[in-house]
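Each remark here refers to the structure printed beneath this line.
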Amino acid sequence: MLGRTARRRREALSEITDKVWDVVVVGGGNAALCAAIEAAEAGCRVIILEGAPKTYRGGNSRHTRNFRCMHQGPLSVLTDSYEEDEYFNDLLLVTKGNTDEDLARLAIRTSESCLPWMEAHGVRFQPSLSGTLSLGRTNAFFLGGGKALVNAYYNTAADLGVEVVYEAQVKHVEIEGGRFQAVAVEIAGAAPCRVEGRTIVLASGGFQGDIDWLARAWGPAARNFLIRGTPYNRGVVLKDMLDQGADTVGDPTQCHAVAIDGRAPKFDGGIVTRLDCVPFSVVVNKDGERFYDEGEDVWPKRYAIWGRLVAAQPDQVAYSIIDAKSSTLFMPSVFPAVQSDTLEGLAEQMGLPAAKVRETVDAFNAACREGDFHPTELDGLATDGVEPRKTNWARPITEPPFYGYSLRPGVTFTYLGLKVDATARVTMEGQKLKNVWAAGEIMAGSILGEGYLAGFGMTIGTVFGRIAGQEAAKGATRGVNSNAA
Ligand SMILES: Cc1cc2nc3c(=O)[nH]c(=O)nc-3n(C[C@H](O)[C@H](O)[C@H](O)COP(=O)(O)OP(=O)(O)OC[C@H]3O[C@@H](n4cnc5c(N)ncnc54)[C@H](O)[C@@H]3O)c2cc1C
């Protein structure tokens, strides 16, 4: 005899597996939710299969703070204007031209109508605050952060009757003759099952949570990387699609990676583990040697390259050293700095060769010159006669107490992804799949060949999530037997 709980679970499961859903959405972050809401509003029966437990729902999206938005005049909390060409040029600069112009411009143009759509679906914005004022024109900040955004969308989806299944790991997407049929899913506490659908939207993120995959792409060094976001984005669906011949974009070694506090947890440390002290410091590797210009540019333009710089150092670790006069010039870190009244004492506490650190800092100090120091702008206060040069904010590290932070590469998301067209449709061997769309990190490589523009991840997810949801709804309405491309 089946117990009552087992019977209830079996009944609940059969509710999911006994029908053919109009739209199956894989993933439970921003892109998935935007797709699900659009499809449900078009009258479709939608199911979201979210691999994470409910408490972890929302993937990397729950860590976000803002999205980058084009606007031709003041819009909600955004000041002034941020036009298409300026936005696109900003993207060209960071990607070094490694982008798809048509898709990028589509994302940029559509972002303007996304903001009011987001507000209409429960997202609240706030003006940028101290420390992020420079983004007040370009990036709209979510009141309550990404967690509040995700919760608002889940509430909206529930109101629209979207079925959400948590701890539902999609393992395989069944595609026959260019057409999606069903997904193979493992739902916690239940036997593996199939969920059938007329259309599918893949929004299950990148593969950064699979450290073995990262190590295959990067080499063993990747085992020392920290993952800033969810451990659930392991690229299972991406790999399954690639194995079946789906067309890909992007390079497996390209990702968004920043330097974060070396004491951050392996996964999910989030935004608070980022360190902003580098421009005011001397950064050494574990041998006590400097390796890059710490003052190359203002931190928002440089923090993303430091992930890769640290990744290239022995044991993928580096150490940022400042003195008392710089300790209040940057956003405080969630982990307190290591502190000592002597440089040697600091080096010892951080496990660094004290004599070598002393030699490096002395050489740096001797190369600093007189001049005006301006912490918020490029001040040209550079070193002379030391390699590498520090080209701005170079002040001798002399005033105790001395502070130190360890740095490690923190991966945000990977860029290898599914190739899509302007309707977010996935292609296989050059042919459009009839009823498969993708949105968010899983296709972001279509636009981000390399580099990153702050706030653009949520723009890509929102724009293509909405498009994918609308297109999937049209596909479901046309019927599963339609061959319309
Ligand atoms: C710390 C941090 C801060 C960030 N800040 C910003 C910011 O301020 N602005 C910005 O634009 N971007 C930011 N980003 C990037 C941004 O989070 C992503 O670009 C965006 O959230 C991607 O949305 P998504 O829906 O594609 O992926 P996610 O939100 O990660 O959602 C993917 C979902 O898929 C689920 N999933 C994975 N595999 C499976 C499977 N096999 N079966 C079922 N479900 C599965 C996961 O559980 C997850 O819910 C930040 C990222 C991090 C880590």
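Naming scheme: A, B, ... for chains in displayed order of the structure tokens; residues 1 onward per chain; ligands 1 onward as shown.
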
Would you list, as a ChimeraX atom specification, the residues of segment 37-183 of chain A that end up in strand (DSSP E or B) under DSSP run on this structure's backbone?
/A:46-49,66-68,71,75,78,82,125-126,139-142,163-165,168-176,179-183

Write out the residues from the selection above, keeping N, CA, C and O atoms, as a short mmCIF file (atom, residue, chain, number, x, y, z; two decimals), in the first residue's frame.
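Result file follows (out07.cif):
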```cif
data_model
loop_
_atom_site.label_atom_id
_atom_site.label_comp_id
_atom_site.auth_asym_id
_atom_site.auth_seq_id
_atom_site.Cartn_x
_atom_site.Cartn_y
_atom_site.Cartn_z
N VAL A 46 1.94 27.08 -18.99
CA VAL A 46 3.41 27.15 -18.91
C VAL A 46 3.89 26.41 -17.66
O VAL A 46 3.29 26.56 -16.58
N ILE A 47 4.97 25.66 -17.83
CA ILE A 47 5.61 25.04 -16.66
C ILE A 47 7.06 25.49 -16.60
O ILE A 47 7.75 25.52 -17.62
N ILE A 48 7.49 25.88 -15.38
CA ILE A 48 8.90 26.21 -15.15
C ILE A 48 9.53 25.04 -14.41
O ILE A 48 9.02 24.62 -13.36
N LEU A 49 10.63 24.51 -14.96
CA LEU A 49 11.38 23.46 -14.27
C LEU A 49 12.65 24.11 -13.74
O LEU A 49 13.57 24.43 -14.51
N ASN A 66 21.37 45.65 -10.93
CA ASN A 66 20.87 46.63 -11.89
C ASN A 66 20.84 46.06 -13.30
O ASN A 66 21.41 45.01 -13.55
N PHE A 67 20.16 46.77 -14.20
CA PHE A 67 20.29 46.42 -15.62
C PHE A 67 20.54 47.68 -16.43
O PHE A 67 20.14 48.78 -16.05
N ARG A 68 21.28 47.48 -17.53
CA ARG A 68 21.68 48.61 -18.36
C ARG A 68 20.59 48.87 -19.39
O ARG A 68 20.14 47.96 -20.06
N HIS A 71 17.81 54.79 -23.15
CA HIS A 71 16.65 55.68 -22.98
C HIS A 71 16.94 57.01 -23.65
O HIS A 71 18.05 57.52 -23.61
N LEU A 75 14.01 58.40 -17.75
CA LEU A 75 13.08 57.26 -17.74
C LEU A 75 13.14 56.64 -16.35
O LEU A 75 14.19 56.17 -15.93
N LEU A 78 16.24 56.67 -14.21
CA LEU A 78 17.41 56.97 -15.05
C LEU A 78 17.41 58.44 -15.46
O LEU A 78 16.38 58.97 -15.89
N TYR A 82 20.54 57.96 -22.73
CA TYR A 82 21.60 57.00 -23.06
C TYR A 82 21.15 56.34 -24.36
O TYR A 82 20.32 55.45 -24.36
N PHE A 125 12.29 50.09 -8.88
CA PHE A 125 13.64 50.62 -9.09
C PHE A 125 13.95 51.69 -8.06
O PHE A 125 13.04 52.26 -7.45
N GLN A 126 15.25 51.93 -7.88
CA GLN A 126 15.66 53.03 -7.00
C GLN A 126 16.82 53.77 -7.67
O GLN A 126 17.57 53.17 -8.45
N ASN A 139 22.40 52.69 -15.80
CA ASN A 139 21.95 51.45 -15.17
C ASN A 139 20.83 51.71 -14.17
O ASN A 139 20.99 52.54 -13.28
N ALA A 140 19.73 50.98 -14.33
CA ALA A 140 18.61 51.14 -13.39
C ALA A 140 18.75 50.09 -12.28
O ALA A 140 18.84 48.88 -12.57
N PHE A 141 18.78 50.56 -11.04
CA PHE A 141 18.99 49.67 -9.88
C PHE A 141 17.67 49.12 -9.35
O PHE A 141 16.68 49.86 -9.25
N PHE A 142 17.67 47.83 -9.03
CA PHE A 142 16.46 47.18 -8.51
C PHE A 142 16.33 47.47 -7.02
O PHE A 142 17.27 47.20 -6.26
N GLU A 163 2.90 26.95 -13.64
CA GLU A 163 3.26 25.87 -12.72
C GLU A 163 4.78 25.93 -12.52
O GLU A 163 5.53 25.99 -13.49
N VAL A 164 5.21 25.93 -11.25
CA VAL A 164 6.66 25.95 -10.98
C VAL A 164 7.03 24.67 -10.24
O VAL A 164 6.40 24.35 -9.22
N VAL A 165 8.01 23.94 -10.75
CA VAL A 165 8.50 22.75 -10.04
C VAL A 165 9.95 23.01 -9.65
O VAL A 165 10.79 23.28 -10.50
N ALA A 168 13.90 20.38 -9.90
CA ALA A 168 13.57 19.63 -11.12
C ALA A 168 14.73 19.82 -12.11
O ALA A 168 14.80 20.82 -12.82
N GLN A 169 15.65 18.86 -12.09
CA GLN A 169 16.85 18.96 -12.92
C GLN A 169 16.58 18.35 -14.29
O GLN A 169 16.36 17.14 -14.38
N VAL A 170 16.63 19.20 -15.30
CA VAL A 170 16.45 18.69 -16.66
C VAL A 170 17.77 18.07 -17.12
O VAL A 170 18.83 18.69 -17.03
N LYS A 171 17.67 16.82 -17.57
CA LYS A 171 18.88 16.08 -17.97
C LYS A 171 19.02 15.97 -19.47
O LYS A 171 20.12 15.81 -19.98
N HIS A 172 17.88 15.99 -20.17
CA HIS A 172 17.96 15.75 -21.61
C HIS A 172 16.76 16.41 -22.29
O HIS A 172 15.65 16.38 -21.78
N VAL A 173 17.04 17.02 -23.45
CA VAL A 173 15.97 17.62 -24.25
C VAL A 173 15.78 16.71 -25.47
O VAL A 173 16.70 16.55 -26.28
N GLU A 174 14.62 16.10 -25.55
CA GLU A 174 14.36 15.17 -26.67
C GLU A 174 14.00 15.96 -27.91
O GLU A 174 12.99 16.67 -27.93
N ILE A 175 14.85 15.82 -28.93
CA ILE A 175 14.59 16.50 -30.19
C ILE A 175 14.60 15.46 -31.30
O ILE A 175 15.57 14.72 -31.44
N GLU A 176 13.51 15.42 -32.04
CA GLU A 176 13.44 14.48 -33.17
C GLU A 176 13.00 15.22 -34.41
O GLU A 176 12.01 15.97 -34.37
N ARG A 179 12.49 18.85 -34.04
CA ARG A 179 11.37 19.29 -33.22
C ARG A 179 11.52 18.78 -31.78
O ARG A 179 11.79 17.60 -31.57
N PHE A 180 11.34 19.66 -30.83
CA PHE A 180 11.36 19.27 -29.41
C PHE A 180 10.09 18.48 -29.07
O PHE A 180 8.98 18.86 -29.50
N GLN A 181 10.28 17.41 -28.30
CA GLN A 181 9.13 16.60 -27.89
C GLN A 181 8.88 16.67 -26.39
O GLN A 181 7.76 16.85 -25.93
N ALA A 182 9.97 16.45 -25.64
CA ALA A 182 9.82 16.34 -24.17
C ALA A 182 11.18 16.54 -23.53
O ALA A 182 12.20 16.50 -24.21
N VAL A 183 11.17 16.79 -22.21
CA VAL A 183 12.44 16.79 -21.48
C VAL A 183 12.46 15.63 -20.52
O VAL A 183 11.41 15.24 -19.98
#
```

Pick out the residues sitting within 8 Å of segment 367-382 of chain A, and hand them over as a list in words; count only C-alpha atoms, and ignore anything fewer than 6 positions along from it in its own chain.
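Close residues of segment 367-382 of chain A: Asp297, Val298, Leu329, Arg389, Lys390, Thr391, Asn392, Trp393, Ala394, Arg395 and Pro396 of chain A.
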
Which residues of segment 233-331 of chain A sit at most 12 Å from segment 90-112 of chain A, using only C-alpha atoms? Give each one's shortest atom pair and distance in Å (one decimal place), in chain and ascending residue order, as a Markdown table.
```
| residue | atom | partner | partner_atom | distance |
| --- | --- | --- | --- | --- |
| A:Val249 | CA | A:Asp100 | CA | 10.3 |
| A:Gly250 | CA | A:Asn98 | CA | 9.5 |
| A:Asp251 | CA | A:Asn98 | CA | 11.1 |
| A:Gln254 | CA | A:Thr95 | CA | 10.9 |
| A:Cys255 | CA | A:Thr95 | CA | 11.5 |
| A:His256 | CA | A:Thr95 | CA | 11.3 |
| A:Pro300 | CA | A:Val94 | CA | 11.9 |
| A:Lys301 | CA | A:Val94 | CA | 9.0 |
| A:Arg302 | CA | A:Val94 | CA | 10.3 |
| A:Ala304 | CA | A:Val94 | CA | 10.0 |
| A:Ile305 | CA | A:Val94 | CA | 10.3 |
```

Selection above as a file: C-alpha atoms, as a compact mmCIF listing (two decimals), in the first residue's frame:
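File written: again_3.txt
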```txt
# COMPACT_ATOMS: atom_id res chain seq x y z
CA VAL A 249 28.75 30.56 -30.17
CA GLY A 250 31.56 31.72 -27.96
CA ASP A 251 34.75 30.31 -26.68
CA GLN A 254 35.71 33.26 -22.25
CA CYS A 255 33.72 34.27 -19.22
CA HIS A 256 33.01 37.19 -16.96
CA PRO A 300 34.57 49.97 -12.69
CA LYS A 301 36.49 49.80 -15.98
CA ARG A 302 39.16 47.42 -14.70
CA ALA A 304 36.66 42.55 -14.77
CA ILE A 305 40.20 42.11 -16.15
```

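If you measure from each of A:Thr79, A:Thr360, A:Asn60, A:Ser14 to Val195 of chain A using only C-alpha atoms, the closest one turns out to be A:Ser14.
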
Contact check, chain A to ligand 1, at most 7 Å, counting only C-alpha atoms and all ligand atoms, closest pairs as CSV:
```
residue,atom,partner,partner_atom_place_in_ligand_line,distance
A:Val26,CA,ligand 1,43 (C),5.1
A:Gly27,CA,ligand 1,34 (O),3.4
A:Gly28,CA,ligand 1,49 (O),3.8
A:Gly29,CA,ligand 1,29 (O),3.5
A:Asn30,CA,ligand 1,25 (O),4.0
A:Ala31,CA,ligand 1,25 (O),3.8
A:Ala32,CA,ligand 1,25 (O),5.5
A:Leu49,CA,ligand 1,43 (C),5.3
A:Glu50,CA,ligand 1,44 (N),4.1
A:Gly51,CA,ligand 1,44 (N),3.5
A:Ala52,CA,ligand 1,47 (O),4.4
A:Arg57,CA,ligand 1,49 (O),5.3
A:Gly58,CA,ligand 1,49 (O),4.4
A:Gly59,CA,ligand 1,30 (O),3.6
A:Asn60,CA,ligand 1,30 (O),3.7
A:Ser61,CA,ligand 1,21 (O),3.2
A:Arg62,CA,ligand 1,29 (O),6.6
A:His63,CA,ligand 1,3 (C),4.7
A:Thr64,CA,ligand 1,5 (N),3.6
A:Arg65,CA,ligand 1,8 (O),3.7
A:Asn66,CA,ligand 1,8 (O),4.3
A:Phe67,CA,ligand 1,11 (O),4.7
A:Arg68,CA,ligand 1,11 (O),6.7
A:Ala168,CA,ligand 1,43 (C),5.7
A:Gln169,CA,ligand 1,42 (N),3.8
A:Val170,CA,ligand 1,42 (N),3.8
A:Lys171,CA,ligand 1,41 (N),5.7
A:Ala203,CA,ligand 1,26 (O),5.4
A:Ser204,CA,ligand 1,34 (O),3.3
A:Gly205,CA,ligand 1,32 (C),4.2
A:Arg228,CA,ligand 1,53 (C),4.6
A:Gly229,CA,ligand 1,53 (C),3.8
A:Thr230,CA,ligand 1,30 (O),6.6
A:Tyr232,CA,ligand 1,47 (O),4.7
A:Asn233,CA,ligand 1,37 (C),4.1
A:Arg234,CA,ligand 1,38 (N),5.8
A:Gly235,CA,ligand 1,38 (N),6.1
A:Val236,CA,ligand 1,41 (N),5.0
A:Val237,CA,ligand 1,41 (N),5.3
A:Gly269,CA,ligand 1,1 (C),6.9
A:Gly270,CA,ligand 1,1 (C),3.7
A:Ile271,CA,ligand 1,1 (C),4.2
A:Thr412,CA,ligand 1,53 (C),4.5
A:Phe413,CA,ligand 1,53 (C),6.9
A:Ala439,CA,ligand 1,26 (O),6.3
A:Gly440,CA,ligand 1,26 (O),3.3
A:Glu441,CA,ligand 1,26 (O),3.8
A:Ile442,CA,ligand 1,26 (O),6.0
A:Ala454,CA,ligand 1,9 (N),6.1
A:Gly455,CA,ligand 1,11 (O),3.2
A:Phe456,CA,ligand 1,11 (O),4.4
A:Gly457,CA,ligand 1,19 (O),3.3
A:Met458,CA,ligand 1,11 (O),3.6
A:Thr459,CA,ligand 1,11 (O),6.0
A:Gly461,CA,ligand 1,23 (O),5.4
```

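Summary of the local environment: counting only C-alpha atoms, residues at most 12 Å from Asn155 of chain A, other than itself and those fewer than 6 positions away along its chain, are Leu33, Ala36, Ile37, His121, Gly122, Val123, Ala148, Leu149, Gly161, Val162, Glu163 and Val164 of chain A.
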